[in-house]
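**Student:** target15.tsv is reproduced in full below (TSV, C-alpha atoms).
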chain	number	residue	atom	x	y	z
A	24	MET	CA	-73.39	-33.68	-61.56
A	25	GLU	CA	-75.92	-33.76	-58.72
A	26	ASN	CA	-73.13	-33.54	-56.16
A	27	PHE	CA	-71.43	-30.63	-57.88
A	28	LYS	CA	-72.29	-27.52	-55.82
A	29	PRO	CA	-69.84	-24.67	-56.33
A	30	SER	CA	-69.75	-22.21	-53.47
A	31	ILE	CA	-69.69	-18.60	-54.60
A	32	GLY	CA	-72.41	-17.40	-56.95
A	33	ILE	CA	-72.02	-14.41	-59.27
A	34	ALA	CA	-75.32	-12.65	-59.88
A	35	ALA	CA	-76.59	-13.07	-63.44
A	36	MET	CA	-76.23	-9.96	-65.55
A	37	PRO	CA	-79.53	-8.55	-66.89
A	38	LYS	CA	-79.69	-8.24	-70.68
A	39	SER	CA	-80.12	-4.49	-70.46
A	40	GLN	CA	-76.81	-4.28	-68.64
A	41	ALA	CA	-75.02	-6.92	-70.68
A	42	PHE	CA	-74.68	-4.43	-73.52
A	43	GLY	CA	-74.04	-1.54	-71.14
A	44	LEU	CA	-71.82	-1.64	-68.08
A	45	GLY	CA	-70.87	-5.30	-68.24
A	46	HIS	CA	-70.13	-5.30	-71.96
A	47	TRP	CA	-67.77	-2.30	-71.88
A	48	GLU	CA	-66.24	-2.60	-68.44
A	49	LEU	CA	-63.07	-4.55	-69.29
A	50	PRO	CA	-62.32	-2.63	-72.54
A	51	LEU	CA	-62.63	0.64	-70.59
A	52	VAL	CA	-60.37	-0.67	-67.82
A	53	LEU	CA	-57.79	-1.66	-70.46
A	54	LEU	CA	-58.04	1.74	-72.15
A	55	PHE	CA	-57.53	3.66	-68.90
A	56	ALA	CA	-54.68	1.33	-67.90
A	57	TRP	CA	-52.96	1.85	-71.25
A	58	LEU	CA	-53.30	5.63	-70.99
A	59	ALA	CA	-51.88	5.53	-67.46
A	60	PHE	CA	-49.00	3.21	-68.37
A	61	ALA	CA	-48.07	5.08	-71.55
A	62	SER	CA	-48.25	8.47	-69.84
A	63	VAL	CA	-45.08	7.70	-67.86
A	64	PRO	CA	-42.64	7.41	-70.80
A	65	ILE	CA	-44.54	10.14	-72.67
A	66	TYR	CA	-44.10	12.52	-69.73
A	67	LEU	CA	-40.46	11.58	-69.18
A	68	GLY	CA	-39.65	11.58	-72.89
A	69	ASN	CA	-37.53	8.43	-72.48
A	70	ILE	CA	-37.02	5.30	-70.43
A	71	GLY	CA	-34.16	4.78	-68.02
A	72	LEU	CA	-31.30	2.52	-69.01
A	73	SER	CA	-29.39	1.62	-65.86
A	74	TRP	CA	-26.26	-0.48	-65.59
A	75	ASP	CA	-28.51	-3.45	-64.83
A	76	GLY	CA	-30.72	-2.64	-67.80
A	77	LEU	CA	-27.81	-2.56	-70.23
A	78	ASN	CA	-25.61	-5.31	-68.82
A	79	HIS	CA	-28.29	-7.71	-67.64
A	80	GLN	CA	-31.69	-7.13	-69.25
A	81	ILE	CA	-30.61	-6.13	-72.75
A	82	TYR	CA	-27.80	-8.68	-72.63
A	83	LEU	CA	-30.32	-11.45	-71.89
A	84	GLY	CA	-32.45	-10.21	-74.77
A	85	TRP	CA	-29.36	-10.59	-76.96
A	86	VAL	CA	-28.94	-14.15	-75.67
A	87	ALA	CA	-32.61	-14.87	-76.48
A	88	ASN	CA	-32.03	-13.61	-80.00
A	89	GLN	CA	-28.76	-15.51	-80.47
A	90	PRO	CA	-27.33	-17.87	-77.80
A	91	ARG	CA	-23.80	-16.90	-76.71
A	92	PHE	CA	-22.75	-19.86	-74.58
A	93	ASP	CA	-19.59	-20.35	-76.63
A	94	LYS	CA	-18.65	-16.65	-76.46
A	95	ASP	CA	-19.38	-15.40	-72.93
A	96	TYR	CA	-19.20	-16.86	-69.44
A	97	MET	CA	-21.03	-15.17	-66.56
A	98	ALA	CA	-21.25	-12.00	-68.65
A	99	ALA	CA	-24.06	-10.73	-66.44
A	100	SER	CA	-22.87	-12.69	-63.39
A	101	LEU	CA	-25.30	-15.44	-62.27
A	102	GLN	CA	-28.13	-13.59	-63.99
A	103	ALA	CA	-26.63	-14.44	-67.39
A	104	TYR	CA	-28.47	-17.79	-67.30
A	105	GLN	CA	-31.96	-16.63	-66.39
A	106	PHE	CA	-34.82	-17.52	-68.73
A	107	PRO	CA	-34.06	-14.82	-71.35
A	108	TYR	CA	-37.05	-14.61	-73.66
A	109	LEU	CA	-39.04	-11.95	-71.78
A	110	TYR	CA	-36.05	-9.64	-72.23
A	111	TRP	CA	-36.13	-9.88	-76.03
A	112	PRO	CA	-38.55	-6.92	-76.63
A	113	ALA	CA	-36.28	-4.45	-74.80
A	114	TYR	CA	-33.25	-5.76	-76.71
A	115	LYS	CA	-35.02	-5.55	-80.07
A	116	LEU	CA	-36.23	-2.00	-79.41
A	117	ALA	CA	-32.71	-0.98	-78.35
A	118	ILE	CA	-30.95	-2.29	-81.45
A	119	SER	CA	-33.67	-1.12	-83.85
A	120	GLY	CA	-33.00	2.53	-83.12
A	121	PHE	CA	-36.33	3.48	-81.55
A	122	ASP	CA	-36.25	6.59	-79.42
A	123	GLY	CA	-36.78	6.26	-75.67
A	124	ARG	CA	-40.35	7.57	-75.69
A	125	THR	CA	-41.51	5.12	-78.37
A	126	ALA	CA	-39.70	2.21	-76.73
A	127	GLY	CA	-41.28	3.12	-73.40
A	128	ILE	CA	-44.78	3.19	-74.91
A	129	VAL	CA	-44.26	-0.24	-76.51
A	130	LEU	CA	-42.96	-1.80	-73.29
A	131	SER	CA	-45.76	-0.18	-71.29
A	132	THR	CA	-48.30	-1.58	-73.72
A	133	LEU	CA	-46.91	-5.08	-73.20
A	134	HIS	CA	-47.64	-4.68	-69.48
A	135	LEU	CA	-51.37	-4.59	-70.29
A	136	ILE	CA	-51.32	-8.39	-70.36
A	137	ALA	CA	-51.39	-8.29	-66.55
A	138	VAL	CA	-54.50	-6.10	-66.33
A	139	PRO	CA	-57.34	-8.50	-67.33
A	140	PRO	CA	-56.52	-11.17	-64.70
A	141	VAL	CA	-56.45	-8.52	-61.96
A	142	TRP	CA	-59.87	-7.34	-63.13
A	143	MET	CA	-61.12	-10.96	-63.22
A	144	ILE	CA	-59.99	-11.48	-59.62
A	145	ALA	CA	-61.74	-8.27	-58.60
A	146	ARG	CA	-64.87	-9.46	-60.43
A	147	VAL	CA	-64.89	-12.68	-58.43
A	148	LEU	CA	-64.48	-10.83	-55.14
A	149	MET	CA	-66.86	-7.97	-56.03
A	150	PRO	CA	-69.38	-9.44	-58.50
A	151	GLU	CA	-72.03	-6.71	-58.25
A	152	ILE	CA	-73.15	-5.49	-61.69
A	153	SER	CA	-73.84	-1.83	-60.97
A	154	TYR	CA	-72.09	1.51	-61.17
A	155	PHE	CA	-70.84	0.94	-57.64
A	156	GLY	CA	-69.46	-2.49	-58.56
A	157	VAL	CA	-67.75	-1.09	-61.65
A	158	PHE	CA	-66.19	1.69	-59.60
A	159	MET	CA	-64.94	-0.75	-56.96
A	160	ARG	CA	-63.37	-3.05	-59.55
A	161	PHE	CA	-61.81	-0.12	-61.36
A	162	SER	CA	-60.41	1.06	-58.02
A	163	ALA	CA	-59.05	-2.42	-57.28
A	164	VAL	CA	-57.20	-2.57	-60.62
A	165	THR	CA	-55.85	0.96	-60.07
A	166	LEU	CA	-54.57	0.12	-56.59
A	167	ALA	CA	-52.98	-3.10	-57.86
A	168	PHE	CA	-50.67	-1.16	-60.17
A	169	MET	CA	-50.01	1.87	-57.96
A	170	SER	CA	-47.21	0.37	-55.90
A	171	ALA	CA	-43.80	1.99	-56.21
A	172	VAL	CA	-42.40	-1.19	-57.79
A	173	SER	CA	-45.00	-1.26	-60.58
A	174	LEU	CA	-44.69	2.44	-61.33
A	175	LYS	CA	-40.88	2.37	-61.43
A	176	LEU	CA	-40.98	-0.46	-63.97
A	177	LEU	CA	-42.80	1.83	-66.40
A	178	GLU	CA	-39.79	4.13	-66.67
A	179	ALA	CA	-37.18	1.42	-67.22
A	180	THR	CA	-36.63	-1.88	-69.04
A	181	GLY	CA	-37.61	-4.25	-66.21
A	182	ASN	CA	-40.01	-7.07	-67.08
A	183	ASP	CA	-41.28	-8.11	-63.65
A	184	VAL	CA	-44.88	-7.36	-64.63
A	185	LEU	CA	-44.56	-9.62	-67.68
A	186	ALA	CA	-43.06	-12.37	-65.53
A	187	ALA	CA	-45.91	-12.05	-63.02
A	188	ALA	CA	-48.67	-12.00	-65.66
A	189	PRO	CA	-48.93	-15.79	-66.22
A	190	PHE	CA	-49.38	-16.40	-62.50
A	191	LEU	CA	-52.01	-13.66	-62.27
A	192	TRP	CA	-53.90	-15.41	-65.08
A	193	ALA	CA	-53.46	-18.74	-63.31
A	194	LEU	CA	-54.88	-17.35	-60.06
A	195	ALA	CA	-57.75	-15.68	-61.93
A	196	PHE	CA	-58.78	-19.00	-63.52
A	197	ALA	CA	-58.48	-20.77	-60.17
A	198	LEU	CA	-60.74	-18.23	-58.47
A	199	LYS	CA	-63.23	-18.42	-61.34
A	200	ALA	CA	-63.43	-22.15	-60.63
A	201	VAL	CA	-64.14	-21.51	-56.95
A	202	ALA	CA	-66.75	-18.90	-57.88
A	203	SER	CA	-68.38	-20.91	-60.66
A	204	LEU	CA	-72.14	-20.67	-61.02
A	205	GLN	CA	-74.16	-23.72	-60.11
A	206	GLN	CA	-75.14	-24.26	-63.74
A	207	ASP	CA	-71.50	-24.34	-64.84
A	208	SER	CA	-70.50	-27.85	-65.77
A	209	GLU	CA	-67.92	-29.97	-64.02
A	210	LYS	CA	-66.12	-29.99	-67.37
A	211	GLN	CA	-65.82	-26.19	-67.24
A	212	VAL	CA	-64.15	-26.29	-63.83
A	213	THR	CA	-61.78	-28.97	-65.13
A	214	ARG	CA	-60.80	-26.60	-67.94
A	215	TYR	CA	-60.16	-23.87	-65.37
A	216	ALA	CA	-57.94	-26.27	-63.41
A	217	LEU	CA	-55.92	-27.22	-66.49
A	218	TRP	CA	-55.48	-23.64	-67.71
A	219	SER	CA	-54.64	-22.43	-64.22
A	220	GLY	CA	-51.98	-25.08	-63.75
A	221	PHE	CA	-50.51	-24.64	-67.23
A	222	LEU	CA	-50.13	-20.88	-66.78
A	223	GLY	CA	-48.72	-21.42	-63.30
A	224	GLY	CA	-46.01	-23.57	-64.90
A	225	VAL	CA	-45.33	-20.88	-67.50
A	226	ALA	CA	-44.94	-18.38	-64.64
A	227	VAL	CA	-42.28	-20.58	-63.00
A	228	ALA	CA	-40.40	-20.81	-66.32
A	229	CYS	CA	-40.47	-17.01	-66.63
A	230	LYS	CA	-39.11	-16.55	-63.12
A	231	LEU	CA	-38.08	-19.44	-60.88
A	232	SER	CA	-39.03	-17.43	-57.78
A	233	ASN	CA	-42.68	-18.01	-58.79
A	234	GLY	CA	-42.12	-21.66	-57.86
A	235	PRO	CA	-43.38	-21.50	-54.25
A	236	LEU	CA	-46.58	-19.81	-55.46
A	237	ALA	CA	-47.11	-22.51	-58.08
A	238	LEU	CA	-46.77	-25.19	-55.39
A	239	LEU	CA	-49.67	-23.62	-53.48
A	240	LEU	CA	-51.84	-22.95	-56.54
A	241	PRO	CA	-53.56	-26.40	-56.69
A	242	LEU	CA	-54.77	-25.92	-53.11
A	243	VAL	CA	-57.14	-23.18	-54.32
A	244	PHE	CA	-59.28	-25.88	-55.95
A	245	MET	CA	-59.82	-27.50	-52.56
A	246	PHE	CA	-62.10	-24.54	-51.75
A	247	CYS	CA	-64.64	-25.44	-54.45
A	248	ASN	CA	-67.96	-26.48	-52.92
A	249	ALA	CA	-68.02	-29.96	-54.41
A	250	ARG	CA	-67.34	-33.50	-53.32
A	251	LEU	CA	-63.90	-34.05	-51.83
A	252	VAL	CA	-63.02	-36.47	-54.61
A	253	ASP	CA	-63.83	-33.79	-57.22
A	254	ARG	CA	-61.82	-31.15	-55.41
A	255	ALA	CA	-58.87	-33.52	-55.10
A	256	ARG	CA	-59.12	-34.42	-58.79
A	257	TRP	CA	-59.05	-30.75	-59.85
A	258	ALA	CA	-56.07	-30.12	-57.56
A	259	ILE	CA	-54.23	-33.07	-59.16
A	260	PHE	CA	-55.12	-31.85	-62.68
A	261	CYS	CA	-53.79	-28.42	-61.76
A	262	SER	CA	-50.57	-29.91	-60.34
A	263	VAL	CA	-49.92	-31.99	-63.45
A	264	ALA	CA	-50.68	-28.98	-65.68
A	265	VAL	CA	-48.10	-26.93	-63.73
A	266	LEU	CA	-45.44	-29.50	-64.62
A	267	VAL	CA	-46.55	-29.58	-68.27
A	268	GLY	CA	-46.60	-25.79	-68.54
A	269	PHE	CA	-43.14	-25.52	-67.01
A	270	ALA	CA	-41.69	-28.28	-69.19
A	271	LEU	CA	-43.07	-26.85	-72.44
A	272	SER	CA	-42.06	-23.26	-71.60
A	273	TYR	CA	-38.68	-23.90	-70.03
A	274	GLY	CA	-37.71	-27.05	-71.92
A	275	TYR	CA	-35.67	-25.53	-74.74
A	276	TRP	CA	-33.75	-23.18	-72.44
A	277	GLY	CA	-33.24	-25.92	-69.86
A	278	TYR	CA	-31.89	-28.20	-72.58
A	279	GLN	CA	-29.38	-25.52	-73.63
A	280	LEU	CA	-28.17	-25.18	-70.05
A	281	TRP	CA	-27.89	-28.95	-69.71
A	282	VAL	CA	-25.85	-29.24	-72.89
A	283	HIS	CA	-23.39	-26.57	-71.79
A	284	PHE	CA	-23.34	-26.94	-68.00
A	285	GLY	CA	-24.92	-30.27	-67.07
A	286	ASN	CA	-27.60	-28.46	-65.08
A	287	PRO	CA	-30.91	-27.25	-66.59
A	288	LEU	CA	-31.27	-24.71	-63.77
A	289	TYR	CA	-27.64	-23.54	-63.86
A	290	PRO	CA	-26.15	-22.09	-61.71
A	291	PHE	CA	-28.79	-22.97	-59.10
A	292	TYR	CA	-28.90	-26.33	-57.28
A	293	ASP	CA	-25.76	-27.41	-59.10
A	294	ARG	CA	-24.64	-29.91	-56.45
A	295	TYR	CA	-27.93	-31.81	-56.80
A	296	PHE	CA	-27.16	-32.48	-60.46
A	297	GLU	CA	-23.63	-33.74	-59.74
A	298	PRO	CA	-24.81	-37.35	-59.19
A	299	VAL	CA	-26.84	-37.16	-62.42
A	300	ARG	CA	-23.80	-35.97	-64.34
A	301	ALA	CA	-21.64	-38.67	-62.77
A	302	ALA	CA	-24.17	-41.39	-63.63
A	303	MET	CA	-24.32	-40.20	-67.23
A	304	GLY	CA	-20.56	-39.75	-67.55
A	305	TRP	CA	-21.11	-36.05	-68.30
A	306	HIS	CA	-18.04	-33.84	-67.76
A	307	ARG	CA	-17.68	-30.09	-67.99
Have the structure of the file written as structure tokens, please.
**Tutor:**
Amino acid sequence: MENFKPSIGIAAMPKSQAFGLGHWELPLVLLFAWLAFASVPIYLGNIGLSWDGLNHQIYLGWVANQPRFDKDYMAASLQAYQFPYLYWPAYKLAISGFDGRTAGIVLSTLHLIAVPPVWMIARVLMPEISYFGVFMRFSAVTLAFMSAVSLKLLEATGNDVLAAAPFLWALAFALKAVASLQQDSEKQVTRYALWSGFLGGVAVACKLSNGPLALLLPLVFMFCNARLVDRARWAIFCSVAVLVGFALSYGYWGYQLWVHFGNPLYPFYDRYFEPVRAAMGWHR
């Protein structure tokens, strides 16, 4: 432990502030975020249901609820075989007869899962415990969700925020490791590395396009101010945890695709699985 010297220190929070600003900051950020998110479907009185929403997103929710491999083929084109489980809430709300406003509020509320990690990242970068620090972190969270993409998702059935949430959590844990206090134990940073990697793997399962980000995630631990051997060990732990998180999250769906198509990532990279199918005598 003598050689463990993390780099970025976060100023200790005085007791008088621990039950003031610091204690209530995240709950208040979540409350304001929920009011902002929910205000969109409340104002509109509904959520949009585009062709893509009906024929892709709600269809995939239907598949998550009850696999349809033996009934449909390419029903939503290549998107019919995406990881479907994040689409289940929109499907369930649609078939349960909820009105558009209520469905929009529920879906907007689910998006809150992405708010705490953004706040945690802001806390690492702007650790000051003061009214100014609170304002800056609140501003950072606000700006993070003010892009046109994020705002448009609140008026439709898209789940891109949900798919991004696991990676945001993974990055938040990785940055907490880099910014750990000197008195934090090596064991604590190891836990951050494992959780970060596991959630990075979950993010890849949710959306395969998160894969390149997950490949770079372990490198964050190389910025910890510790011995090189410790930094390398945390990076390896994170890498292994990425594989475990992906396997546990994607495993059931990947198995279904293998059983029906001989490719757990179908229809992507299909030619790379041809030799595997040939070696196993698997035929479509």
**Student:** Near Asn88 (chain A), within 10 Å and counting only C-alpha atoms, which residues show up once chain neighbours fewer than 6 positions away are dropped, as a list in words?
**Tutor:**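 Contacts, in chain order: Tyr82, Pro107, Tyr108, Tyr110, Trp111, Pro112, Tyr114 and Lys115 of chain A.
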**Student:** Per residue of region 102-207 of chain A within 9 Å of region 236-246 of chain A, which atom pair is closest and at what distance in Å (one decimal), using only C-alpha atoms, listed by chain and increasing number, as JSON lines?
**Tutor:**
{"residue": "A:Phe190", "atom": "CA", "partner": "A:Ala237", "partner_atom": "CA", "distance": 7.9}
{"residue": "A:Ala193", "atom": "CA", "partner": "A:Leu240", "partner_atom": "CA", "distance": 8.1}
{"residue": "A:Leu194", "atom": "CA", "partner": "A:Leu240", "partner_atom": "CA", "distance": 7.3}
{"residue": "A:Ala197", "atom": "CA", "partner": "A:Val243", "partner_atom": "CA", "distance": 6.5}
{"residue": "A:Leu198", "atom": "CA", "partner": "A:Val243", "partner_atom": "CA", "distance": 7.4}
{"residue": "A:Ala200", "atom": "CA", "partner": "A:Phe244", "partner_atom": "CA", "distance": 7.3}
{"residue": "A:Val201", "atom": "CA", "partner": "A:Phe246", "partner_atom": "CA", "distance": 6.4}
**Student:** Have a look at CA of Ile144 (chain A) and CA of Ala195 (chain A) and let me know their distance in Å, one decimal.
**Tutor:**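 One can read the CA of Ile144 (chain A) to CA of Ala195 (chain A) distance as 5.3 Å.
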**Student:** Edge lengths and centre, in Å to one decimal, as JSON: that's what I need for the box along x, y and z that holds all listed atoms of region 216-230 of chain A plus 3 Å on each side.
**Tutor:**
{"center_x": -48.5, "center_y": -21.9, "center_z": -65.4, "size_x": 24.8, "size_y": 16.7, "size_z": 10.7}
**Student:** Could you check how far CA of Asp293 (chain A) sits from CA of Gly224 (chain A), in Å to one decimal?
**Tutor:**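 Distance between the two atoms: 21.4 Å.
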**Student:** Of the candidates A:Ser131, A:Asn69, A:Ser219, A:Ser208, which shows the shortest atom-to-atom distance to Val267 (chain A), using all atoms listed in the file?
**Tutor:** A:Ser219
**Student:** For each of A:Asn286, A:Ser272, A:Thr165, A:Ser73, take the minimum atom-to-atom distance to Phe55 (chain A), counting all atoms listed in the file, then give the residue where this is smallest.
**Tutor:**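 Looking only at the distances to Phe55 (chain A), the closest residue turns out to be A:Thr165.
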**Student:** Mind giving me the straight-line distance from CA of Gly268 (chain A) to CA of Phe291 (chain A) in Å, one decimal?
**Tutor:** 20.4 Å
**Student:** Mind listing as a list in words all residues within 12 Å of (-40.1, -17.6, -58.8), counting all atoms listed in the file?
**Tutor:**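 Counting all atoms listed in the file, I find these residues within 12 Å of (-40.1, -17.6, -58.8): Gln105, Phe106, Asp183, Ala186, Ala187, Pro189, Phe190, Gly223, Gly224, Val225, Ala226, Val227, Ala228, Cys229, Lys230, Leu231, Ser232, Asn233, Gly234, Pro235, Leu236, Ala237, Leu238 and Phe269 of chain A.
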**Student:** His283 (chain A): which residues within 9 Å, counting all atoms listed in the file, same-chain residues fewer than 3 positions away excluded, as a PyMOL selection string?
**Tutor:** chain A and resi 92-93+278-280+286+307
**Student:** Could you check which of A:Ser162, A:Ser170, A:Ser262, A:Thr180 is closest to Val52 (chain A), using all atoms listed in the file?
**Tutor:**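 Ranking A:Ser162, A:Ser170, A:Ser262, A:Thr180 by distance to Val52 (chain A), first place goes to A:Ser162.
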**Student:** Counting all atoms listed in the file, find the residues whose atoms lie at most 12 Å from (-55.1, -30.2, -67.7) (file coordinates) and write them out as a ChimeraX atom specification.
**Tutor:** /A:210-224,241,256-268
**Student:** Which residue gives the smallest distance to Leu51 (chain A) among A:Leu191, A:Met303, A:Val157, A:Leu77, with all atoms listed in the file counted?
**Tutor:**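 Distance minimum relative to Leu51 (chain A) lands on A:Val157.
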**Student:** For Pro90 (chain A), which residue out of A:Lys175, A:Trp57, A:Trp276, A:Trp305 is the nearest one, using all atoms listed in the file?
**Tutor:**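 Counting all atoms listed in the file, the residue closest to Pro90 (chain A) is A:Trp276.
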